[in-house]
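Source file data08.cif; content: mmCIF, C-alpha atoms.
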```cif
data_upload
#
loop_
_atom_site.group_PDB
_atom_site.id
_atom_site.type_symbol
_atom_site.label_atom_id
_atom_site.label_comp_id
_atom_site.auth_asym_id
_atom_site.auth_seq_id
_atom_site.Cartn_x
_atom_site.Cartn_y
_atom_site.Cartn_z
ATOM 1 C CA MET A 380 0.000 0.000 0.000
ATOM 2 C CA LYS A 381 1.126 3.539 -0.612
ATOM 3 C CA THR A 382 1.738 5.608 2.448
ATOM 4 C CA ASN A 383 0.807 9.011 1.173
ATOM 5 C CA ILE A 384 -1.418 11.479 2.849
ATOM 6 C CA ARG A 385 -3.134 13.167 -0.036
ATOM 7 C CA ALA A 386 -5.849 15.186 1.632
ATOM 8 C CA ILE A 387 -6.285 17.328 4.704
ATOM 9 C CA THR A 388 -9.889 18.168 5.426
ATOM 10 C CA LEU A 389 -10.466 20.984 7.881
ATOM 11 C CA ALA A 390 -13.894 21.191 9.492
ATOM 12 C CA VAL A 391 -15.144 24.769 9.467
ATOM 13 C CA SER A 392 -18.214 26.489 10.797
ATOM 14 C CA ASP A 393 -18.601 28.947 7.900
ATOM 15 C CA LEU A 394 -17.447 27.753 4.493
ATOM 16 C CA GLU A 395 -17.551 31.206 2.839
ATOM 17 C CA ARG A 396 -15.586 32.800 5.659
ATOM 18 C CA SER A 397 -12.936 30.097 5.534
ATOM 19 C CA LEU A 398 -12.689 30.259 1.743
ATOM 20 C CA HIS A 399 -12.062 33.981 2.094
ATOM 21 C CA PHE A 400 -9.399 33.380 4.731
ATOM 22 C CA TYR A 401 -7.426 30.797 2.769
ATOM 23 C CA ARG A 402 -7.943 32.132 -0.756
ATOM 24 C CA ASP A 403 -8.077 35.893 -0.397
ATOM 25 C CA GLY A 404 -6.087 36.062 2.827
ATOM 26 C CA LEU A 405 -3.333 33.474 2.578
ATOM 27 C CA GLY A 406 -3.322 33.451 -1.213
ATOM 28 C CA LEU A 407 -4.013 29.772 -1.834
ATOM 29 C CA SER A 408 -5.614 28.974 -5.176
ATOM 30 C CA SER A 409 -9.133 27.512 -5.364
ATOM 31 C CA PRO A 410 -11.993 27.364 -7.866
ATOM 32 C CA GLY A 411 -14.301 28.152 -4.941
ATOM 33 C CA ILE A 412 -17.088 26.111 -3.449
ATOM 34 C CA ILE A 413 -18.034 23.047 -5.494
ATOM 35 C CA GLY A 414 -20.269 20.031 -4.971
ATOM 36 C CA THR A 415 -23.298 22.117 -4.016
ATOM 37 C CA GLU A 416 -25.505 19.745 -6.039
ATOM 38 C CA PHE A 417 -25.116 17.162 -3.280
ATOM 39 C CA VAL A 418 -27.551 18.559 -0.738
ATOM 40 C CA ARG A 419 -27.345 17.573 2.911
ATOM 41 C CA ASP A 420 -30.298 15.887 4.547
ATOM 42 C CA GLU A 421 -30.788 14.554 8.035
ATOM 43 C CA HIS A 422 -28.702 11.443 7.461
ATOM 44 C CA THR A 423 -26.547 12.247 4.441
ATOM 45 C CA PRO A 424 -23.690 14.714 4.311
ATOM 46 C CA GLY A 425 -23.747 17.453 1.720
ATOM 47 C CA GLY A 426 -21.049 17.747 -0.917
ATOM 48 C CA SER A 427 -20.259 21.456 -0.659
ATOM 49 C CA VAL A 428 -16.528 21.804 -0.288
ATOM 50 C CA ALA A 429 -13.758 24.253 -1.113
ATOM 51 C CA MET A 430 -10.560 22.606 -2.317
ATOM 52 C CA PHE A 431 -7.039 23.919 -2.755
ATOM 53 C CA THR A 432 -4.569 21.836 -4.732
ATOM 54 C CA LEU A 433 -1.145 22.716 -3.406
ATOM 55 C CA ASP A 434 2.138 22.658 -5.280
ATOM 56 C CA ASN A 435 3.050 19.187 -4.094
ATOM 57 C CA GLY A 436 -0.282 17.669 -5.101
ATOM 58 C CA LEU A 437 -1.705 17.703 -1.608
ATOM 59 C CA ILE A 438 -5.358 18.675 -1.400
ATOM 60 C CA LEU A 439 -6.493 20.986 1.365
ATOM 61 C CA SER A 440 -10.281 20.828 1.730
ATOM 62 C CA LEU A 441 -12.632 22.985 3.743
ATOM 63 C CA TYR A 442 -15.785 21.119 4.719
ATOM 64 C CA SER A 443 -18.524 22.103 7.098
ATOM 65 C CA ARG A 444 -18.388 20.643 10.601
ATOM 66 C CA THR A 445 -21.934 19.346 10.155
ATOM 67 C CA ASP A 446 -21.069 17.529 6.935
ATOM 68 C CA LEU A 447 -17.865 16.038 8.329
ATOM 69 C CA ALA A 448 -19.774 14.724 11.346
ATOM 70 C CA LEU A 449 -22.458 13.190 9.094
ATOM 71 C CA ASP A 450 -19.861 11.798 6.697
ATOM 72 C CA ALA A 451 -17.804 10.153 9.444
ATOM 73 C CA GLY A 452 -20.885 9.086 11.375
ATOM 74 C CA ILE A 453 -19.857 10.880 14.551
ATOM 75 C CA THR A 454 -21.581 13.438 16.726
ATOM 76 C CA LEU A 455 -21.033 17.109 16.048
ATOM 77 C CA ASP A 456 -19.402 17.733 19.416
ATOM 78 C CA ARG A 457 -16.649 15.312 18.409
ATOM 79 C CA VAL A 458 -15.646 17.677 15.588
ATOM 80 C CA THR A 459 -13.934 20.262 17.729
ATOM 81 C CA GLY A 460 -10.602 21.522 18.990
ATOM 82 C CA SER A 461 -7.233 21.276 17.300
ATOM 83 C CA SER A 462 -4.926 18.524 18.388
ATOM 84 C CA MET A 463 -2.538 19.081 15.516
ATOM 85 C CA SER A 464 -0.724 21.796 13.670
ATOM 86 C CA LEU A 465 -0.142 22.102 9.947
ATOM 87 C CA GLY A 466 3.222 23.394 8.826
ATOM 88 C CA PHE A 467 4.057 25.750 6.006
ATOM 89 C CA PHE A 468 7.786 25.711 5.246
ATOM 90 C CA THR A 469 8.988 29.094 3.974
ATOM 91 C CA ASP A 470 12.127 30.337 2.247
ATOM 92 C CA SER A 471 13.071 33.099 4.685
ATOM 93 C CA ARG A 472 12.462 34.589 8.120
ATOM 94 C CA GLU A 473 10.644 37.424 6.413
ATOM 95 C CA ASP A 474 8.180 34.972 4.848
ATOM 96 C CA VAL A 475 7.381 33.606 8.291
ATOM 97 C CA ASP A 476 6.647 37.121 9.539
ATOM 98 C CA ARG A 477 4.667 37.921 6.395
ATOM 99 C CA MET A 478 2.532 34.808 6.618
ATOM 100 C CA LEU A 479 1.537 35.585 10.187
ATOM 101 C CA GLN A 480 0.675 39.149 9.218
ATOM 102 C CA ARG A 481 -1.435 37.955 6.306
ATOM 103 C CA ALA A 482 -3.243 35.484 8.520
ATOM 104 C CA GLU A 483 -4.050 38.189 11.043
ATOM 105 C CA GLN A 484 -5.228 40.619 8.375
ATOM 106 C CA ALA A 485 -7.488 37.931 6.899
ATOM 107 C CA GLY A 486 -9.340 37.238 10.131
ATOM 108 C CA GLY A 487 -7.035 34.738 11.791
ATOM 109 C CA ALA A 488 -5.012 35.242 14.951
ATOM 110 C CA ILE A 489 -1.304 35.274 15.706
ATOM 111 C CA ILE A 490 -0.993 32.675 18.439
ATOM 112 C CA ARG A 491 2.738 32.865 18.983
ATOM 113 C CA PRO A 492 5.001 35.451 17.367
ATOM 114 C CA PRO A 493 8.015 33.855 15.682
ATOM 115 C CA VAL A 494 10.975 32.823 17.790
ATOM 116 C CA THR A 495 14.100 30.824 17.071
ATOM 117 C CA ARG A 496 13.850 27.278 18.381
ATOM 118 C CA PRO A 497 16.932 25.390 19.652
ATOM 119 C CA TRP A 498 16.526 22.748 16.921
ATOM 120 C CA GLY A 499 17.353 25.231 14.204
ATOM 121 C CA ILE A 500 14.096 26.725 13.093
ATOM 122 C CA TYR A 501 12.532 30.174 13.158
ATOM 123 C CA ALA A 502 8.807 29.663 13.513
ATOM 124 C CA GLY A 503 5.548 31.152 14.704
ATOM 125 C CA TYR A 504 1.985 29.938 15.075
ATOM 126 C CA PHE A 505 -1.268 31.345 13.822
ATOM 127 C CA ALA A 506 -4.863 30.148 13.934
ATOM 128 C CA ASP A 507 -7.465 30.291 11.184
ATOM 129 C CA PRO A 508 -10.985 31.592 11.946
ATOM 130 C CA ASP A 509 -11.978 28.192 13.363
ATOM 131 C CA GLY A 510 -8.919 27.917 15.579
ATOM 132 C CA HIS A 511 -7.035 25.448 13.371
ATOM 133 C CA LEU A 512 -3.403 25.780 14.310
ATOM 134 C CA TRP A 513 -0.759 26.509 11.683
ATOM 135 C CA GLU A 514 2.986 26.872 12.054
ATOM 136 C CA ALA A 515 5.046 28.926 9.620
ATOM 137 C CA VAL A 516 8.580 27.564 9.640
ATOM 138 C CA TYR A 517 11.947 28.677 8.259
ATOM 139 C CA PHE A 518 14.876 26.276 8.578
ATOM 140 C CA LEU A 519 17.992 28.195 9.614
ATOM 141 C CA ASN A 520 20.344 25.484 8.343
ATOM 142 C CA GLY A 521 18.480 24.392 5.227
ATOM 143 C CA MET A 522 15.383 22.306 4.695
ATOM 144 C CA PRO A 523 15.257 18.715 5.920
ATOM 145 C CA GLU A 524 15.862 16.098 3.235
ATOM 146 C CA MET B 515 5.447 32.565 -1.304
ATOM 147 C CA LYS B 516 5.093 28.863 -1.795
ATOM 148 C CA THR B 517 1.791 27.387 -0.819
ATOM 149 C CA ASN B 518 2.868 23.977 0.291
ATOM 150 C CA ILE B 519 1.895 22.223 3.419
ATOM 151 C CA ARG B 520 4.969 20.222 4.250
ATOM 152 C CA ALA B 521 4.270 19.001 7.761
ATOM 153 C CA ILE B 522 1.372 17.599 9.727
ATOM 154 C CA THR B 523 2.034 17.429 13.437
ATOM 155 C CA LEU B 524 -0.344 15.292 15.438
ATOM 156 C CA ALA B 525 -0.474 15.891 19.166
ATOM 157 C CA VAL B 526 -0.433 12.587 21.033
ATOM 158 C CA SER B 527 -0.650 11.610 24.666
ATOM 159 C CA ASP B 528 1.801 8.691 24.455
ATOM 160 C CA LEU B 529 4.584 8.976 21.898
ATOM 161 C CA GLU B 530 5.643 5.316 22.104
ATOM 162 C CA ARG B 531 2.077 4.090 21.696
ATOM 163 C CA SER B 532 1.514 6.312 18.673
ATOM 164 C CA LEU B 533 4.828 5.337 17.093
ATOM 165 C CA HIS B 534 3.748 1.727 17.428
ATOM 166 C CA PHE B 535 0.371 2.481 15.849
ATOM 167 C CA TYR B 536 1.728 4.309 12.814
ATOM 168 C CA ARG B 537 4.949 2.347 12.259
ATOM 169 C CA ASP B 538 4.165 -1.202 13.287
ATOM 170 C CA GLY B 539 0.428 -0.949 12.717
ATOM 171 C CA LEU B 540 -0.099 1.112 9.591
ATOM 172 C CA GLY B 541 3.336 0.346 8.178
ATOM 173 C CA LEU B 542 4.691 3.881 7.816
ATOM 174 C CA SER B 543 8.457 4.184 7.873
ATOM 175 C CA SER B 544 10.229 6.049 10.686
ATOM 176 C CA PRO B 545 13.650 6.057 12.332
ATOM 177 C CA GLY B 546 11.821 6.220 15.660
ATOM 178 C CA ILE B 547 11.856 8.888 18.327
ATOM 179 C CA ILE B 548 14.505 11.553 17.779
ATOM 180 C CA GLY B 549 15.355 14.889 19.388
ATOM 181 C CA THR B 550 15.407 13.487 22.909
ATOM 182 C CA GLU B 551 18.447 15.665 23.673
ATOM 183 C CA PHE B 552 16.145 18.681 23.798
ATOM 184 C CA VAL B 553 14.625 18.193 27.227
ATOM 185 C CA ARG B 554 11.370 19.872 28.180
ATOM 186 C CA ASP B 555 11.296 22.252 31.135
ATOM 187 C CA GLU B 556 8.518 24.345 32.583
ATOM 188 C CA HIS B 557 8.625 26.940 29.823
ATOM 189 C CA THR B 558 10.386 25.253 26.933
ATOM 190 C CA PRO B 559 9.025 22.416 24.813
ATOM 191 C CA GLY B 560 11.030 19.262 24.461
ATOM 192 C CA GLY B 561 12.281 18.047 21.116
ATOM 193 C CA SER B 562 11.238 14.402 21.259
ATOM 194 C CA VAL B 563 9.351 13.633 18.091
ATOM 195 C CA ALA B 564 8.663 10.704 15.784
ATOM 196 C CA MET B 565 8.701 11.620 12.105
ATOM 197 C CA PHE B 566 7.519 9.783 9.015
ATOM 198 C CA THR B 567 8.618 11.055 5.622
ATOM 199 C CA LEU B 568 5.914 10.002 3.188
ATOM 200 C CA ASP B 569 6.308 9.217 -0.488
ATOM 201 C CA ASN B 570 5.354 12.714 -1.585
ATOM 202 C CA GLY B 571 7.810 14.418 0.749
ATOM 203 C CA LEU B 572 5.202 15.312 3.318
ATOM 204 C CA ILE B 573 6.339 14.912 6.911
ATOM 205 C CA LEU B 574 3.963 13.409 9.435
ATOM 206 C CA SER B 575 5.163 14.147 12.972
ATOM 207 C CA LEU B 576 3.996 12.799 16.281
ATOM 208 C CA TYR B 577 4.623 15.231 19.119
ATOM 209 C CA SER B 578 3.421 15.146 22.683
ATOM 210 C CA ARG B 579 0.401 17.266 23.555
ATOM 211 C CA THR B 580 2.389 18.926 26.328
ATOM 212 C CA ASP B 581 5.214 19.888 23.984
ATOM 213 C CA LEU B 582 2.873 21.181 21.286
ATOM 214 C CA ALA B 583 1.079 23.340 23.856
ATOM 215 C CA LEU B 584 4.391 24.724 25.145
ATOM 216 C CA ASP B 585 5.729 25.240 21.623
ATOM 217 C CA ALA B 586 2.656 27.116 20.433
ATOM 218 C CA GLY B 587 2.269 28.952 23.723
ATOM 219 C CA ILE B 588 -1.274 27.734 24.311
ATOM 220 C CA THR B 589 -2.911 25.936 27.203
ATOM 221 C CA LEU B 590 -3.003 22.155 27.217
ATOM 222 C CA ASP B 591 -6.805 22.038 27.116
ATOM 223 C CA ARG B 592 -6.652 23.795 23.752
ATOM 224 C CA VAL B 593 -4.825 20.760 22.300
ATOM 225 C CA THR B 594 -7.800 18.485 22.066
ATOM 226 C CA GLY B 595 -10.447 17.092 19.767
ATOM 227 C CA SER B 596 -10.226 16.501 16.044
ATOM 228 C CA SER B 597 -11.767 19.071 13.771
ATOM 229 C CA MET B 598 -10.199 17.623 10.666
ATOM 230 C CA SER B 599 -9.605 14.368 8.912
ATOM 231 C CA LEU B 600 -6.501 13.217 7.078
ATOM 232 C CA GLY B 601 -7.004 11.295 3.877
ATOM 233 C CA PHE B 602 -5.111 8.295 2.566
ATOM 234 C CA PHE B 603 -5.914 7.674 -1.101
ATOM 235 C CA THR B 604 -5.698 4.001 -1.970
ATOM 236 C CA ASP B 605 -5.538 2.002 -5.200
ATOM 237 C CA SER B 606 -8.511 -0.290 -4.579
ATOM 238 C CA ARG B 607 -11.586 -0.962 -2.475
ATOM 239 C CA GLU B 608 -9.696 -3.805 -0.863
ATOM 240 C CA ASP B 609 -6.970 -1.419 0.290
ATOM 241 C CA VAL B 610 -9.593 0.719 2.000
ATOM 242 C CA ASP B 611 -10.895 -2.329 3.838
ATOM 243 C CA ARG B 612 -7.364 -3.481 4.655
ATOM 244 C CA MET B 613 -6.279 -0.120 6.030
ATOM 245 C CA LEU B 614 -9.229 -0.026 8.404
ATOM 246 C CA GLN B 615 -8.493 -3.552 9.562
ATOM 247 C CA ARG B 616 -4.851 -2.702 10.163
ATOM 248 C CA ALA B 617 -5.802 0.399 12.113
ATOM 249 C CA GLU B 618 -8.128 -1.591 14.335
ATOM 250 C CA GLN B 619 -5.571 -4.332 14.910
ATOM 251 C CA ALA B 620 -2.966 -1.728 15.866
ATOM 252 C CA GLY B 621 -5.067 -0.143 18.599
ATOM 253 C CA GLY B 622 -7.157 2.308 16.605
ATOM 254 C CA ALA B 623 -10.891 2.178 16.026
ATOM 255 C CA ILE B 624 -13.052 1.810 12.958
ATOM 256 C CA ILE B 625 -15.303 4.844 13.144
ATOM 257 C CA ARG B 626 -17.307 4.262 10.010
ATOM 258 C CA PRO B 627 -17.112 1.123 7.889
ATOM 259 C CA PRO B 628 -16.569 1.906 4.213
ATOM 260 C CA VAL B 629 -19.513 2.946 2.095
ATOM 261 C CA THR B 630 -19.851 4.293 -1.418
ATOM 262 C CA ARG B 631 -20.445 8.048 -1.457
ATOM 263 C CA PRO B 632 -22.584 9.707 -4.177
ATOM 264 C CA TRP B 633 -19.574 11.763 -5.332
ATOM 265 C CA GLY B 634 -17.789 8.701 -6.591
ATOM 266 C CA ILE B 635 -15.685 7.450 -3.735
ATOM 267 C CA TYR B 636 -15.589 4.335 -1.578
ATOM 268 C CA ALA B 637 -14.356 5.425 1.828
ATOM 269 C CA GLY B 638 -14.324 4.674 5.520
ATOM 270 C CA TYR B 639 -13.075 6.398 8.643
ATOM 271 C CA PHE B 640 -10.827 5.222 11.423
ATOM 272 C CA ALA B 641 -9.326 6.897 14.472
ATOM 273 C CA ASP B 642 -5.824 6.552 15.856
ATOM 274 C CA PRO B 643 -5.274 5.927 19.592
ATOM 275 C CA ASP B 644 -5.711 9.651 20.319
ATOM 276 C CA GLY B 645 -8.894 9.957 18.294
ATOM 277 C CA HIS B 646 -7.304 11.629 15.275
ATOM 278 C CA LEU B 647 -9.663 11.005 12.399
ATOM 279 C CA TRP B 648 -8.432 9.409 9.176
ATOM 280 C CA GLU B 649 -10.319 8.614 5.997
ATOM 281 C CA ALA B 650 -9.217 5.839 3.653
ATOM 282 C CA VAL B 651 -10.460 6.675 0.175
ATOM 283 C CA TYR B 652 -10.715 4.862 -3.156
ATOM 284 C CA PHE B 653 -11.847 6.850 -6.189
ATOM 285 C CA LEU B 654 -14.276 4.783 -8.240
ATOM 286 C CA ASN B 655 -13.705 6.836 -11.392
ATOM 287 C CA GLY B 656 -9.987 7.492 -11.062
ATOM 288 C CA MET B 657 -7.974 9.824 -8.886
ATOM 289 C CA PRO B 658 -8.547 13.572 -9.052
ATOM 290 C CA GLU B 659 -5.988 15.515 -11.116
#
```
Written as structure tokens, that's how I'd like the structure from this file.
Amino acid sequence: MKTNIRAITLAVSDLERSLHFYRDGLGLSSPGIIGTEFVRDEHTPGGSVAMFTLDNGLILSLYSRTDLALDAGITLDRVTGSSMSLGFFTDSREDVDRMLQRAEQAGGAIIRPPVTRPWGIYAGYFADPDGHLWEAVYFLNGMPE
Amino acid sequence: MKTNIRAITLAVSDLERSLHFYRDGLGLSSPGIIGTEFVRDEHTPGGSVAMFTLDNGLILSLYSRTDLALDAGITLDRVTGSSMSLGFFTDSREDVDRMLQRAEQAGGAIIRPPVTRPWGIYAGYFADPDGHLWEAVYFLNGMPE
């Protein structure tokens, strides 16, 4: 079996707001909300989703919390919190600073201003409008292989 | 700026248990726990981490909840829940079934047995020992571009 993660689906409370944050704010490319023909009912998740295909082929999807809960067959209160962070690797310290600024301007929050970590990175954290945690990272001694 | 997500860091409550789940259970490749020389203190996160470099260059990291909270400068109770799912794309229906079985055997849980979705996928959900939600997906009409 292949061991690739190909998709990251973030559960969001307001699809339009999150599309704005990631597309207009962070500058990720997306055709907008698709799949609206698959309408949610009491038992079946809807298909409305905003997808971003990133440079390395990874798909970042925004999907409503309600639909993710229905799709996975779990209760809505299970779709909460953020027990992970997603990492953007940048080419410079300035890009780390810039990404945090862009996130804040677009309706996110700077969670931790960038600092240099002892393991050779300069990195800061921000949160998207739903509290999803992101880390912007610059490697002081070159990217990992 | 590049728009690549290069790292997914999952917060876990037991690093050894999670390493076992992902390496021995799901079959992902990892050199094991590294960075143990960076010891956690009251204010500074430790460096102990288990990393998996996937086929597409994406890095999946397992990091303790305590260290992620310290590193991001947030309270521990903020590092909870699962408001996302991570997607493995497989080559067949059988691989979807197999991945769920492997996850269950390795200490995870099958959250939703595979079903065919109206948008052309056969997919099921499982959770890792910390409740992180994963979806194993087979595209009935070929992979997305």
For the file shown, what are the residues hit by the PyMOL selection byres ((chain A and resi 490) around 7), laid out as a CSV table (one decimal) with C-alpha atoms, in the coordinates of the input?
```
chain,number,residue,atom,x,y,z
A,488,ALA,CA,-5.0,35.2,15.0
A,489,ILE,CA,-1.3,35.3,15.7
A,491,ARG,CA,2.7,32.9,19.0
A,492,PRO,CA,5.0,35.5,17.4
A,504,TYR,CA,2.0,29.9,15.1
A,505,PHE,CA,-1.3,31.3,13.8
A,506,ALA,CA,-4.9,30.1,13.9
B,586,ALA,CA,2.7,27.1,20.4
```
Residue contacts of Ala429 in chain A (8 Å, all atoms listed in the file) excluding same-chain residues fewer than 3 positions away, as a PyMOL selection string: chain A and resi 394+398+409-413+440-442
Output check: residues returned by the PyMOL selection byres ((chain A) within 8 of (chain B)), as a PyMOL selection string: chain A and resi 380-391+406-407+417+426+433-435+437+444+451-453+457-470+474+490-491+497-498+503-504+511
For CA of Gln619 in chain B and CA of Ser562 in chain B, the interatomic separation in Å (one decimal):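 Atom-to-atom, CA of Gln619 in chain B to CA of Ser562 in chain B, that is 26.0 Å.
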Coordinates-based distance that separates CA of Ser397 in chain A from CA of Tyr517 in chain A (Å, one decimal): 25.1 Å
